[in-house]
>>> print(open('my_file-v8.csv').read())   # CSV, C-alpha atoms and all ligand atoms
chain,number,residue,atom,x,y,z
A,213,MET,CA,83.2,127.2,90.7
A,214,THR,CA,81.2,129.4,88.3
A,215,ARG,CA,77.5,129.9,89.0
A,216,PHE,CA,75.5,129.7,85.8
A,217,GLY,CA,72.0,130.9,85.3
A,218,ILE,CA,70.2,128.8,82.6
A,219,ILE,CA,67.0,130.2,81.0
A,220,GLY,CA,65.0,127.3,79.5
A,221,GLY,CA,65.0,123.9,81.2
A,222,GLY,CA,64.1,121.9,78.1
A,223,LEU,CA,66.2,119.3,76.3
A,224,MET,CA,69.3,121.5,76.0
A,225,GLY,CA,68.9,123.6,79.2
A,226,HIS,CA,68.8,120.6,81.5
A,227,GLY,CA,71.6,118.8,79.5
A,228,ILE,CA,73.9,121.8,79.6
A,229,ALA,CA,73.2,122.1,83.4
A,230,VAL,CA,74.3,118.4,83.8
A,231,ALA,CA,77.5,119.1,81.7
A,232,LEU,CA,78.4,122.1,83.9
A,233,ALA,CA,77.5,120.4,87.2
A,234,GLN,CA,79.7,117.4,86.3
A,235,ALA,CA,82.6,119.8,86.0
A,236,GLY,CA,81.9,121.2,89.5
A,237,HIS,CA,79.9,124.3,88.5
A,238,GLY,CA,76.5,125.4,89.9
A,239,ALA,CA,73.4,126.0,87.7
A,240,GLY,CA,70.2,127.8,88.5
A,241,VAL,CA,67.6,126.9,85.9
A,242,PHE,CA,64.5,129.0,85.1
A,243,ASP,CA,61.7,128.0,82.8
A,244,ASN,CA,58.4,129.8,82.3
A,245,ASP,CA,56.6,126.4,82.1
A,246,PRO,CA,56.0,125.3,85.7
A,247,ALA,CA,55.7,121.7,84.6
A,248,VAL,CA,59.2,121.8,83.1
A,249,LEU,CA,60.6,123.3,86.4
A,250,ALA,CA,58.8,120.7,88.5
A,251,GLY,CA,60.2,117.9,86.3
A,252,LEU,CA,63.8,119.2,86.3
A,253,GLY,CA,65.1,117.1,89.1
A,254,ASP,CA,63.8,113.9,87.4
A,255,ARG,CA,65.3,114.8,84.0
A,256,VAL,CA,68.6,115.7,85.6
A,257,GLY,CA,68.6,112.4,87.5
A,258,SER,CA,68.0,110.3,84.5
A,259,ALA,CA,70.6,112.3,82.4
A,260,LEU,CA,73.1,111.7,85.2
A,261,ALA,CA,72.3,108.0,85.3
A,262,ARG,CA,72.9,107.8,81.5
A,263,SER,CA,75.9,110.2,81.5
A,264,GLY,CA,78.4,107.8,83.1
A,265,THR,CA,78.6,109.8,86.3
A,266,PRO,CA,79.7,107.4,89.0
A,267,ARG,CA,76.8,106.4,91.2
A,268,ALA,CA,78.5,107.7,94.4
A,269,ARG,CA,78.7,111.1,92.8
A,270,VAL,CA,75.2,111.4,91.3
A,271,ALA,CA,73.6,113.1,94.3
A,272,ALA,CA,76.4,115.6,94.8
A,273,VAL,CA,76.4,116.6,91.1
A,274,GLY,CA,72.6,116.7,91.0
A,275,ASP,CA,72.5,119.0,94.0
A,276,ARG,CA,74.5,121.6,92.1
A,277,ILE,CA,71.5,122.1,89.8
A,278,VAL,CA,68.5,124.0,91.3
A,279,ALA,CA,65.3,125.3,89.9
A,280,VAL,CA,64.7,129.1,90.3
A,281,ASP,CA,61.3,130.7,90.0
A,282,SER,CA,62.1,134.0,88.3
A,283,LEU,CA,64.5,135.7,86.0
A,284,ALA,CA,65.3,138.2,88.8
A,285,GLU,CA,66.3,135.4,91.1
A,286,LEU,CA,68.4,133.7,88.3
A,287,ALA,CA,70.2,137.0,87.6
A,288,LYS,CA,70.9,137.6,91.3
A,289,GLN,CA,73.0,134.4,91.5
A,290,ALA,CA,74.6,134.1,88.1
A,291,ASP,CA,78.2,134.7,87.1
A,292,VAL,CA,77.2,133.7,83.5
A,293,VAL,CA,73.7,133.5,82.0
A,294,ILE,CA,72.9,130.9,79.3
A,295,GLU,CA,69.8,131.4,77.1
A,296,ALA,CA,68.4,128.1,76.0
A,297,VAL,CA,64.7,129.0,75.3
A,298,SER,CA,62.8,128.0,72.2
A,299,GLU,CA,64.3,128.7,68.8
A,300,ARG,CA,62.2,131.8,68.0
A,301,LEU,CA,63.7,135.2,67.7
A,302,ALA,CA,60.8,137.0,69.3
A,303,VAL,CA,60.9,134.6,72.3
A,304,LYS,CA,64.7,135.2,72.7
A,305,HIS,CA,64.2,138.9,72.4
A,306,ASP,CA,61.5,138.9,75.1
A,307,VAL,CA,63.6,136.9,77.5
A,308,LEU,CA,66.7,139.0,77.1
A,309,ALA,CA,64.7,142.2,77.4
A,310,ALA,CA,63.2,140.9,80.7
A,311,LEU,CA,66.5,139.6,82.0
A,312,GLU,CA,68.8,142.6,81.5
A,313,PRO,CA,67.3,145.1,83.9
A,314,HIS,CA,68.2,142.6,86.7
A,315,LEU,CA,71.7,141.8,85.4
A,316,PRO,CA,74.8,143.9,85.9
A,317,PRO,CA,76.3,144.8,82.4
A,318,ASP,CA,79.5,143.0,83.0
A,319,VAL,CA,77.8,139.6,83.4
A,320,PRO,CA,78.2,137.5,80.2
A,321,VAL,CA,75.2,136.2,78.4
A,322,TRP,CA,75.6,133.2,76.1
A,323,THR,CA,72.9,132.1,73.6
A,324,ASN,CA,72.5,128.5,72.6
A,325,THR,CA,70.7,129.4,69.4
A,326,SER,CA,71.1,126.7,66.6
A,327,VAL,CA,70.6,128.8,63.5
A,328,LEU,CA,69.7,132.4,64.4
A,329,SER,CA,72.3,135.1,63.8
A,330,ILE,CA,73.9,136.2,67.1
A,331,SER,CA,73.7,139.8,66.0
A,332,ALA,CA,69.9,139.4,65.4
A,333,VAL,CA,69.5,137.9,68.9
A,334,ALA,CA,71.5,140.8,70.4
A,335,ARG,CA,69.3,143.4,68.7
A,336,ALA,CA,66.9,143.5,71.6
A,337,MET,CA,69.7,143.9,74.2
A,338,LEU,CA,70.7,146.9,76.3
A,339,HIS,CA,74.2,145.6,76.3
A,340,PRO,CA,74.7,143.6,73.1
A,341,GLN,CA,78.5,143.6,73.7
A,342,ARG,CA,78.1,140.8,76.3
A,343,LEU,CA,76.2,138.4,74.1
A,344,VAL,CA,78.2,135.4,72.8
A,345,GLY,CA,76.9,132.5,70.7
A,346,VAL,CA,77.9,129.3,72.5
A,347,HIS,CA,76.4,126.4,70.7
A,348,TRP,CA,76.3,123.1,72.5
A,349,TRP,CA,75.3,119.8,70.8
A,350,ASN,CA,72.8,117.3,72.2
A,351,PRO,CA,73.4,115.6,74.5
A,352,PRO,CA,75.7,118.3,75.9
A,353,TYR,CA,77.1,116.1,78.6
A,354,LEU,CA,78.4,113.6,75.9
A,355,ILE,CA,79.1,115.5,72.7
A,356,PRO,CA,82.5,117.2,72.9
A,357,LEU,CA,81.9,120.0,70.4
A,358,VAL,CA,80.9,123.5,71.5
A,359,GLU,CA,81.0,126.2,68.8
A,360,ILE,CA,81.6,129.8,69.9
A,361,ALA,CA,80.8,132.9,67.7
A,362,PRO,CA,80.6,136.7,68.3
A,363,GLY,CA,77.8,138.9,67.1
A,364,THR,CA,78.7,142.2,65.3
A,365,ASP,CA,78.7,144.1,68.6
A,366,THR,CA,80.3,141.4,70.8
A,367,ASP,CA,83.3,142.5,72.9
A,368,PRO,CA,86.1,140.1,72.1
A,369,GLY,CA,86.9,139.9,75.9
A,370,PHE,CA,83.5,138.1,76.4
A,371,VAL,CA,84.4,135.7,73.6
A,372,ASP,CA,87.8,134.9,75.2
A,373,HIS,CA,86.1,134.4,78.5
A,374,ALA,CA,83.5,131.9,77.1
A,375,HIS,CA,86.3,130.1,75.2
A,376,THR,CA,88.4,129.7,78.3
A,377,LEU,CA,85.5,128.5,80.5
A,378,ILE,CA,84.2,126.0,77.9
A,379,ALA,CA,87.7,124.6,77.2
A,380,GLU,CA,88.3,124.1,81.0
A,381,LEU,CA,85.3,121.8,80.9
A,382,GLY,CA,87.3,119.5,78.6
A,383,LYS,CA,85.1,120.3,75.6
A,384,THR,CA,86.4,120.7,72.1
A,385,THR,CA,85.8,124.3,71.4
A,386,VAL,CA,85.9,125.9,68.0
A,387,ARG,CA,85.7,129.7,67.5
A,388,LEU,CA,84.2,131.3,64.4
A,389,HIS,CA,85.8,134.5,63.1
A,390,ARG,CA,82.3,135.9,62.6
A,391,ASP,CA,78.6,135.4,63.0
A,392,VAL,CA,76.9,133.2,60.4
A,393,PRO,CA,73.5,131.5,60.9
A,394,GLY,CA,73.9,127.9,62.0
A,395,PHE,CA,77.5,128.2,63.1
A,396,ILE,CA,79.6,125.6,61.2
A,397,GLY,CA,78.0,122.3,62.3
A,398,ASN,CA,74.4,123.0,61.4
A,399,ARG,CA,75.4,124.6,58.0
A,400,LEU,CA,77.3,121.4,57.2
A,401,GLN,CA,74.6,119.1,58.6
A,402,PHE,CA,71.7,120.8,56.7
A,403,ALA,CA,73.6,121.0,53.4
A,404,LEU,CA,73.6,117.2,53.7
A,405,VAL,CA,69.9,117.1,54.7
A,406,ARG,CA,69.0,119.4,51.7
A,407,GLU,CA,70.8,117.0,49.3
A,408,ALA,CA,69.2,114.0,50.9
A,409,LEU,CA,65.7,115.5,50.4
A,410,GLN,CA,66.6,116.2,46.8
A,411,LEU,CA,67.6,112.6,46.2
A,412,LEU,CA,64.2,111.5,47.7
A,413,ALA,CA,62.3,114.1,45.5
A,414,ASP,CA,64.2,112.8,42.5
A,415,GLY,CA,63.1,109.2,43.3
A,416,VAL,CA,66.7,108.0,43.7
A,417,CYS,CA,66.2,106.0,46.9
A,418,GLU,CA,64.2,105.6,50.1
A,419,PRO,CA,64.8,107.5,53.3
A,420,GLU,CA,66.2,104.4,55.0
A,421,THR,CA,68.8,104.2,52.2
A,422,ILE,CA,70.1,107.7,53.0
A,423,ASP,CA,70.6,106.7,56.6
A,424,THR,CA,72.4,103.5,55.7
A,425,VAL,CA,74.8,105.4,53.4
A,426,VAL,CA,75.6,107.9,56.1
A,427,ARG,CA,75.8,105.4,59.0
A,428,ALA,CA,77.8,102.7,57.2
A,429,GLY,CA,80.0,105.0,55.0
A,430,VAL,CA,80.2,108.8,55.2
A,431,GLY,CA,79.6,109.1,58.9
A,432,LEU,CA,82.3,106.5,59.7
A,433,ARG,CA,84.8,108.3,57.6
A,434,TRP,CA,84.0,111.7,59.0
A,435,ALA,CA,84.2,110.5,62.6
A,436,ALA,CA,87.8,109.6,61.8
A,437,VAL,CA,89.0,112.0,59.1
A,438,GLY,CA,87.3,115.3,58.5
A,439,PRO,CA,86.3,116.5,55.0
A,440,MET,CA,89.2,119.0,54.8
A,441,GLU,CA,91.8,116.5,55.7
A,442,ASN,CA,90.2,114.0,53.4
A,443,ALA,CA,90.3,116.5,50.5
A,444,ASP,CA,94.0,116.9,51.0
A,445,TYR,CA,94.4,113.1,51.5
A,446,ILE,CA,92.8,112.3,48.1
A,447,GLY,CA,94.5,115.3,46.5
A,448,LEU,CA,93.0,118.7,45.8
A,449,ASP,CA,93.3,118.0,42.1
A,450,LEU,CA,90.9,115.1,42.4
A,451,THR,CA,88.7,117.1,44.8
A,452,ARG,CA,88.5,119.9,42.3
A,453,ALA,CA,87.7,117.5,39.4
A,454,ILE,CA,84.9,115.8,41.5
A,455,LEU,CA,83.4,119.1,42.4
A,456,GLY,CA,83.6,120.3,38.8
A,457,SER,CA,81.6,117.3,37.6
A,458,LEU,CA,79.3,116.8,40.6
A,459,ALA,CA,78.5,120.3,41.8
A,460,PRO,CA,76.2,121.3,38.9
A,461,SER,CA,73.8,118.4,39.9
A,462,LEU,CA,73.8,119.1,43.6
A,463,SER,CA,70.8,120.8,45.2
A,464,THR,CA,70.9,124.6,45.5
A,465,GLU,CA,67.2,124.7,46.6
A,466,THR,CA,66.4,127.6,49.0
A,467,HIS,CA,62.6,127.4,49.4
A,468,GLU,CA,60.9,124.3,47.9
A,469,PHE,CA,61.1,121.1,50.0
A,470,PRO,CA,58.1,119.1,48.6
A,471,VAL,CA,59.0,115.9,50.4
A,472,LEU,CA,58.7,117.6,53.8
A,473,ASP,CA,55.7,119.7,52.8
A,474,ARG,CA,53.8,116.6,51.6
A,475,LEU,CA,54.4,114.8,54.8
A,476,LEU,CA,53.6,117.8,57.0
A,477,ALA,CA,50.3,118.4,55.1
A,478,GLN,CA,49.4,114.8,56.1
A,479,GLU,CA,50.4,115.5,59.7
A,480,HIS,CA,53.3,113.1,59.4
A,481,ALA,CA,55.7,115.2,61.4
A,482,GLY,CA,58.1,112.5,62.5
A,483,ARG,CA,58.7,110.9,65.9
A,484,ALA,CA,56.0,112.8,67.8
A,485,SER,CA,53.2,112.0,65.3
A,486,GLY,CA,54.2,108.3,64.8
A,487,ARG,CA,55.1,108.8,61.1
A,488,GLY,CA,57.5,111.0,59.2
A,489,LEU,CA,60.1,110.1,56.7
A,490,LEU,CA,60.1,106.7,58.6
A,491,ASP,CA,57.6,104.7,60.5
A,492,TRP,CA,57.9,105.5,64.3
A,493,ARG,CA,56.5,102.3,65.7
A,494,PRO,CA,56.2,102.2,69.5
A,495,GLY,CA,59.6,101.9,71.2
A,496,ARG,CA,61.6,103.3,68.2
A,497,ALA,CA,62.1,106.7,69.9
A,498,GLU,CA,63.6,105.0,73.0
A,499,GLU,CA,65.7,102.8,70.9
A,500,VAL,CA,67.1,105.7,68.9
A,501,ALA,CA,67.9,107.7,72.0
A,502,ALA,CA,69.8,104.8,73.5
A,503,ARG,CA,71.6,104.1,70.2
A,504,LEU,CA,72.6,107.8,69.8
A,505,GLU,CA,74.1,107.9,73.3
A,506,ALA,CA,75.8,104.5,72.9
A,507,GLY,CA,77.2,105.4,69.5
A,508,ILE,CA,78.7,108.6,70.7
A,509,ARG,CA,80.2,106.9,73.7
A,510,HIS,CA,81.6,104.2,71.5
A,511,ASN,CA,83.5,106.9,69.5
A,512,LEU,CA,84.8,108.9,72.5
A,513,PRO,CA,87.6,106.7,73.7
A,514,ALA,CA,89.5,107.3,70.4
A,515,ARG,CA,89.7,110.9,71.5
A,516,ARG,CA,91.5,110.2,74.8
A,517,GLY,CA,95.0,111.7,75.0
A,518,GLY,CA,94.1,114.0,72.1
A,519,ARG,CA,91.2,116.0,73.5
A,520,ALA,CA,91.3,117.4,70.0
A,521,GLY,CA,91.3,121.0,69.4
A,522,HIS,CA,91.1,123.0,72.6
A,523,GLY,CA,91.2,126.3,71.0
A,524,GLY,CA,90.1,125.0,67.7
A,525,SER,CA,89.7,127.0,64.6
A,526,HIS,CA,90.6,130.5,65.4
B,601,LIG,N1,67.6,120.2,70.5
B,601,LIG,C1,68.8,120.3,70.0
B,601,LIG,O1,69.4,119.3,69.6
B,601,LIG,C2,69.6,121.6,70.1
B,601,LIG,C3,71.0,121.6,69.9
B,601,LIG,C4,71.7,122.8,70.0
B,601,LIG,C5,71.0,124.0,70.3
B,601,LIG,N2,69.6,124.0,70.4
B,601,LIG,C6,68.9,125.2,70.7
B,601,LIG,O2,68.7,125.3,72.1
B,601,LIG,C7,67.6,126.1,72.4
B,601,LIG,C8,66.6,125.3,73.2
B,601,LIG,O3,66.3,124.1,72.5
B,601,LIG,P1,65.7,122.8,73.2
B,601,LIG,O4,65.8,121.7,72.2
B,601,LIG,O5,66.2,122.7,74.6
B,601,LIG,O6,64.1,123.2,73.2
B,601,LIG,P2,63.0,122.8,74.3
B,601,LIG,O7,61.7,123.1,73.6
B,601,LIG,O8,63.2,121.4,74.8
B,601,LIG,O9,63.2,123.8,75.5
B,601,LIG,C9,63.0,125.1,75.4
B,601,LIG,C10,62.5,125.6,76.8
B,601,LIG,O10,62.3,127.0,76.8
B,601,LIG,C11,61.2,127.3,77.6
B,601,LIG,N3,60.8,128.6,77.4
B,601,LIG,C12,60.1,129.1,76.3
B,601,LIG,N4,59.9,130.4,76.4
B,601,LIG,C13,60.4,130.8,77.6
B,601,LIG,C14,60.4,132.0,78.3
B,601,LIG,N5,59.9,133.1,77.8
B,601,LIG,N6,61.0,132.0,79.5
B,601,LIG,C15,61.6,130.9,80.0
B,601,LIG,N7,61.6,129.7,79.4
B,601,LIG,C16,61.0,129.6,78.2
B,601,LIG,C17,60.2,126.2,77.3
B,601,LIG,O11,59.2,126.1,78.3
B,601,LIG,C18,61.1,125.0,77.1
B,601,LIG,O12,61.2,124.2,78.3
B,601,LIG,C19,67.0,126.5,71.0
B,601,LIG,O13,67.5,127.8,70.7
B,601,LIG,C20,67.6,125.4,70.1
B,601,LIG,O14,67.6,125.8,68.8
B,601,LIG,C21,68.9,122.8,70.3
>>> encode(input="my_file-v8.csv", output="structure tokens")
Amino acid sequence: MTRFGIIGGGLMGHGIAVALAQAGHGAGVFDNDPAVLAGLGDRVGSALARSGTPRARVAAVGDRIVAVDSLAELAKQADVVIEAVSERLAVKHDVLAALEPHLPPDVPVWTNTSVLSISAVARAMLHPQRLVGVHWWNPPYLIPLVEIAPGTDTDPGFVDHAHTLIAELGKTTVRLHRDVPGFIGNRLQFALVREALQLLADGVCEPETIDTVVRAGVGLRWAAVGPMENADYIGLDLTRAILGSLAPSLSTETHEFPVLDRLLAQEHAGRASGRGLLDWRPGRAEEVAARLEAGIRHNLPARRGGRAGHGGSH
């Protein structure tokens, strides 16, 4: 059993705790918002109920997750620390700077940043060699993928250690050769989002149509056959010819996203404000959360026997 210290008990922090506890590990969770810490037990309970944990095991698994009330307390008990605080570089720097005086230099620290450079996160650290980018996907107890990346100063031994521990959880681990913002998954995901926004800005279709195309077409293909395998499957000559004619019309925008800016100026920020690209009628958020988990679960049995890619792309 490894004892993890998780900083940040929000969406990802509590979900990662559940994934670790299901595999028999312990997790001490610290959050600087007392309301988040007070609600941790309930959120863990409902994640466990949804996660497929057999009812008889729910209490034992839940008991492996405890709230701790300071970084010093967290550091005292942790074999590995996971940073899962808000996605702001300054916040991550402050947390790591406050943590390290309490933490022996050989204890690994993993950051769950989505799109920040690991080297940039490490910049505030006394011991940057111990920081590894370990990027989970939401919900962490369901989605198999965990991406692992070093920063410029990361000692490879810490990367190997993270890779071994995550693979032992039964996760699909991929290992990047070097640090790039967004790992692989968010770079691919947001290249698609950028193109979708361009289609909307150009008046090609409605937002709902984008989702239909992905859910009924592209997404189904990619859940079965990845884009690299598909490129070979259709032939690299055809792939080259398609890119040659299509690429000049694809978005390369880096700063201007008028569709989003217009909605944000009207305070239509999406789910939380009741309107965004789509209309968030009451009940839609719950329906989406349930559909997301059910959809992932539906695709998981196909992976049985394969547990694709322990060791992944290194
Ligand atoms: N939401 C996702 O789908 C997703 C997926 C992968 C990675 N991530 C990354 O995981 C990290 C956490 O994201 P989230 O979605 O859980 O956000 P969240 O807002 O749900 O949780 C962040 C938590 O950090 C706490 N926090 C903020 N400052 C703190 C501090 N100084 N000390 C202790 N706790 C502090 C907040 O109180 C909050 O509970 C981010 O880096 C995010 O980019 C998110």
>>> residues_near_ligand(input="my_file-v8.csv", ligand="ligand LIG 601 (chain B)", cutoff="7 Å", atoms="all atoms listed in the file", output="MDAnalysis selection string")
chainID A and resid 219:225 242:245 248 296:299 303 306:307 324:327 347:350
>>> closest_residue(input="my_file-v8.csv", among="A:Leu490, A:Thr451, A:Leu472, A:Gly456", to="Asp423 in chain A", atoms="only C-alpha atoms")
A:Leu490
>>> residues_around(input="my_file-v8.csv", residues="Asp365 in chain A", least_positions_apart="5", cutoff="12 Å", atoms="all atoms listed in the file", output="list in words")
Ile330, Ser331, Ala332, Val333, Ala334, Arg335, Met337, Leu338, His339, Pro340, Gln341, Arg342, Leu343, Val344, Gly345, Phe370, Val371, Arg390 and Asp391 of chain A
>>> atom_distance(input="my_file-v8.csv", atom1="CA of Val471 in chain A", atom2="CA of Leu412 in chain A")
7.3 Å
>>> residues_around(input="my_file-v8.csv", residues="range 473-488 of chain A", least_positions_apart="5", cutoff="12 Å", atoms="only C-alpha atoms", output="PDB file with C-alpha atoms, in the coordinates of the input")
ATOM      1  CA  LEU A 409      65.700 115.500  50.400  1.00  0.00           C
ATOM      2  CA  ALA A 413      62.300 114.100  45.500  1.00  0.00           C
ATOM      3  CA  PRO A 419      64.800 107.500  53.300  1.00  0.00           C
ATOM      4  CA  GLU A 420      66.200 104.400  55.000  1.00  0.00           C
ATOM      5  CA  HIS A 467      62.600 127.400  49.400  1.00  0.00           C
ATOM      6  CA  GLU A 468      60.900 124.300  47.900  1.00  0.00           C
ATOM      7  CA  ARG A 493      56.500 102.300  65.700  1.00  0.00           C
ATOM      8  CA  PRO A 494      56.200 102.200  69.500  1.00  0.00           C
ATOM      9  CA  GLY A 495      59.600 101.900  71.200  1.00  0.00           C
ATOM     10  CA  ARG A 496      61.600 103.300  68.200  1.00  0.00           C
ATOM     11  CA  ALA A 497      62.100 106.700  69.900  1.00  0.00           C
ATOM     12  CA  GLU A 498      63.600 105.000  73.000  1.00  0.00           C
ATOM     13  CA  GLU A 499      65.700 102.800  70.900  1.00  0.00           C
ATOM     14  CA  VAL A 500      67.100 105.700  68.900  1.00  0.00           C
ATOM     15  CA  ALA A 501      67.900 107.700  72.000  1.00  0.00           C
TER      16      ALA A 501
END
>>> residues_around(input="my_file-v8.csv", residues="range 226-229 of chain A", least_positions_apart="2", cutoff="9 Å", atoms="all atoms listed in the file", output="count of residues only")
27
>>> atom_distance(input="my_file-v8.csv", atom1="CA of Thr424 in chain A", atom2="CA of Ala408 in chain A")
12.0 Å
>>> closest_residue(input="my_file-v8.csv", among="A:Gly394, A:Ser282, A:Thr366, A:Thr265", to="Ser329 in chain A", atoms="all atoms listed in the file")
A:Gly394
>>> atom_distance(input="my_file-v8.csv", atom1="CA of Ile396 in chain A", atom2="CA of Glu465 in chain A")
19.2 Å
>>> closest_atom_pairs(input="my_file-v8.csv", of="range 418-478 of chain A", to="range 509-513 of chain A", cutoff="10 Å", atoms="only C-alpha atoms", output="JSON lines")
{"residue": "A:Leu432", "atom": "CA", "partner": "A:Asn511", "partner_atom": "CA", "distance": 9.9}
{"residue": "A:Ala435", "atom": "CA", "partner": "A:Asn511", "partner_atom": "CA", "distance": 7.8}
{"residue": "A:Ala436", "atom": "CA", "partner": "A:Asn511", "partner_atom": "CA", "distance": 9.2}
>>> residues_around(input="my_file-v8.csv", residues="Gln410 in chain A", least_positions_apart="5", cutoff="12 Å", atoms="only C-alpha atoms", output="PDB file with C-alpha atoms, in the frame of the given file")
ATOM      1  CA  ALA A 403      73.600 121.000  53.400  1.00  0.00           C
ATOM      2  CA  LEU A 404      73.600 117.200  53.700  1.00  0.00           C
ATOM      3  CA  VAL A 405      69.900 117.100  54.700  1.00  0.00           C
ATOM      4  CA  GLY A 415      63.100 109.200  43.300  1.00  0.00           C
ATOM      5  CA  VAL A 416      66.700 108.000  43.700  1.00  0.00           C
ATOM      6  CA  CYS A 417      66.200 106.000  46.900  1.00  0.00           C
ATOM      7  CA  GLU A 418      64.200 105.600  50.100  1.00  0.00           C
ATOM      8  CA  PRO A 419      64.800 107.500  53.300  1.00  0.00           C
ATOM      9  CA  ILE A 422      70.100 107.700  53.000  1.00  0.00           C
ATOM     10  CA  SER A 461      73.800 118.400  39.900  1.00  0.00           C
ATOM     11  CA  LEU A 462      73.800 119.100  43.600  1.00  0.00           C
ATOM     12  CA  SER A 463      70.800 120.800  45.200  1.00  0.00           C
ATOM     13  CA  THR A 464      70.900 124.600  45.500  1.00  0.00           C
ATOM     14  CA  GLU A 465      67.200 124.700  46.600  1.00  0.00           C
ATOM     15  CA  THR A 466      66.400 127.600  49.000  1.00  0.00           C
ATOM     16  CA  GLU A 468      60.900 124.300  47.900  1.00  0.00           C
ATOM     17  CA  PHE A 469      61.100 121.100  50.000  1.00  0.00           C
ATOM     18  CA  PRO A 470      58.100 119.100  48.600  1.00  0.00           C
ATOM     19  CA  VAL A 471      59.000 115.900  50.400  1.00  0.00           C
ATOM     20  CA  LEU A 472      58.700 117.600  53.800  1.00  0.00           C
TER      21      LEU A 472
END
>>> decode(input="my_file-v8.csv", residues="range 327-339 of chain A", atoms="N, CA, C and O atoms", output="PDB file, in the first residue's frame")
ATOM      1  N   VAL A 327      -2.704  21.742 -18.751  1.00  0.00           N
ATOM      2  CA  VAL A 327      -2.057  22.362 -19.906  1.00  0.00           C
ATOM      3  C   VAL A 327      -0.823  23.209 -19.567  1.00  0.00           C
ATOM      4  O   VAL A 327      -0.252  23.812 -20.465  1.00  0.00           O
ATOM      5  N   LEU A 328      -0.450  23.268 -18.290  1.00  0.00           N
ATOM      6  CA  LEU A 328       0.757  24.043 -17.960  1.00  0.00           C
ATOM      7  C   LEU A 328       1.994  23.185 -18.243  1.00  0.00           C
ATOM      8  O   LEU A 328       1.932  21.954 -18.181  1.00  0.00           O
ATOM      9  N   SER A 329       3.103  23.854 -18.557  1.00  0.00           N
ATOM     10  CA  SER A 329       4.355  23.127 -18.758  1.00  0.00           C
ATOM     11  C   SER A 329       4.840  22.605 -17.395  1.00  0.00           C
ATOM     12  O   SER A 329       4.796  23.331 -16.395  1.00  0.00           O
ATOM     13  N   ILE A 330       5.293  21.353 -17.373  1.00  0.00           N
ATOM     14  CA  ILE A 330       5.782  20.766 -16.106  1.00  0.00           C
ATOM     15  C   ILE A 330       7.006  21.556 -15.624  1.00  0.00           C
ATOM     16  O   ILE A 330       7.152  21.812 -14.426  1.00  0.00           O
ATOM     17  N   SER A 331       7.845  21.947 -16.576  1.00  0.00           N
ATOM     18  CA  SER A 331       9.046  22.712 -16.198  1.00  0.00           C
ATOM     19  C   SER A 331       8.655  24.046 -15.568  1.00  0.00           C
ATOM     20  O   SER A 331       9.302  24.508 -14.626  1.00  0.00           O
ATOM     21  N   ALA A 332       7.585  24.663 -16.077  1.00  0.00           N
ATOM     22  CA  ALA A 332       7.139  25.942 -15.508  1.00  0.00           C
ATOM     23  C   ALA A 332       6.580  25.725 -14.107  1.00  0.00           C
ATOM     24  O   ALA A 332       6.833  26.527 -13.199  1.00  0.00           O
ATOM     25  N   VAL A 333       5.841  24.643 -13.896  1.00  0.00           N
ATOM     26  CA  VAL A 333       5.314  24.352 -12.550  1.00  0.00           C
ATOM     27  C   VAL A 333       6.484  24.114 -11.590  1.00  0.00           C
ATOM     28  O   VAL A 333       6.475  24.572 -10.453  1.00  0.00           O
ATOM     29  N   ALA A 334       7.537  23.443 -12.082  1.00  0.00           N
ATOM     30  CA  ALA A 334       8.682  23.087 -11.227  1.00  0.00           C
ATOM     31  C   ALA A 334       9.530  24.294 -10.833  1.00  0.00           C
ATOM     32  O   ALA A 334      10.335  24.205  -9.908  1.00  0.00           O
ATOM     33  N   ARG A 335       9.330  25.388 -11.554  1.00  0.00           N
ATOM     34  CA  ARG A 335      10.231  26.542 -11.373  1.00  0.00           C
ATOM     35  C   ARG A 335      10.278  27.044  -9.931  1.00  0.00           C
ATOM     36  O   ARG A 335      11.292  27.565  -9.486  1.00  0.00           O
ATOM     37  N   ALA A 336       9.182  26.866  -9.192  1.00  0.00           N
ATOM     38  CA  ALA A 336       9.160  27.388  -7.813  1.00  0.00           C
ATOM     39  C   ALA A 336       9.694  26.382  -6.807  1.00  0.00           C
ATOM     40  O   ALA A 336       9.664  26.630  -5.603  1.00  0.00           O
ATOM     41  N   MET A 337      10.208  25.227  -7.304  1.00  0.00           N
ATOM     42  CA  MET A 337      10.523  24.151  -6.354  1.00  0.00           C
ATOM     43  C   MET A 337      11.976  24.159  -5.904  1.00  0.00           C
ATOM     44  O   MET A 337      12.877  24.480  -6.667  1.00  0.00           O
ATOM     45  N   LEU A 338      12.169  23.730  -4.647  1.00  0.00           N
ATOM     46  CA  LEU A 338      13.518  23.530  -4.122  1.00  0.00           C
ATOM     47  C   LEU A 338      14.152  22.308  -4.773  1.00  0.00           C
ATOM     48  O   LEU A 338      15.352  22.262  -5.006  1.00  0.00           O
ATOM     49  N   HIS A 339      13.322  21.302  -5.068  1.00  0.00           N
ATOM     50  CA  HIS A 339      13.812  20.041  -5.630  1.00  0.00           C
ATOM     51  C   HIS A 339      13.011  19.705  -6.890  1.00  0.00           C
ATOM     52  O   HIS A 339      12.180  18.787  -6.885  1.00  0.00           O
TER      53      HIS A 339
END
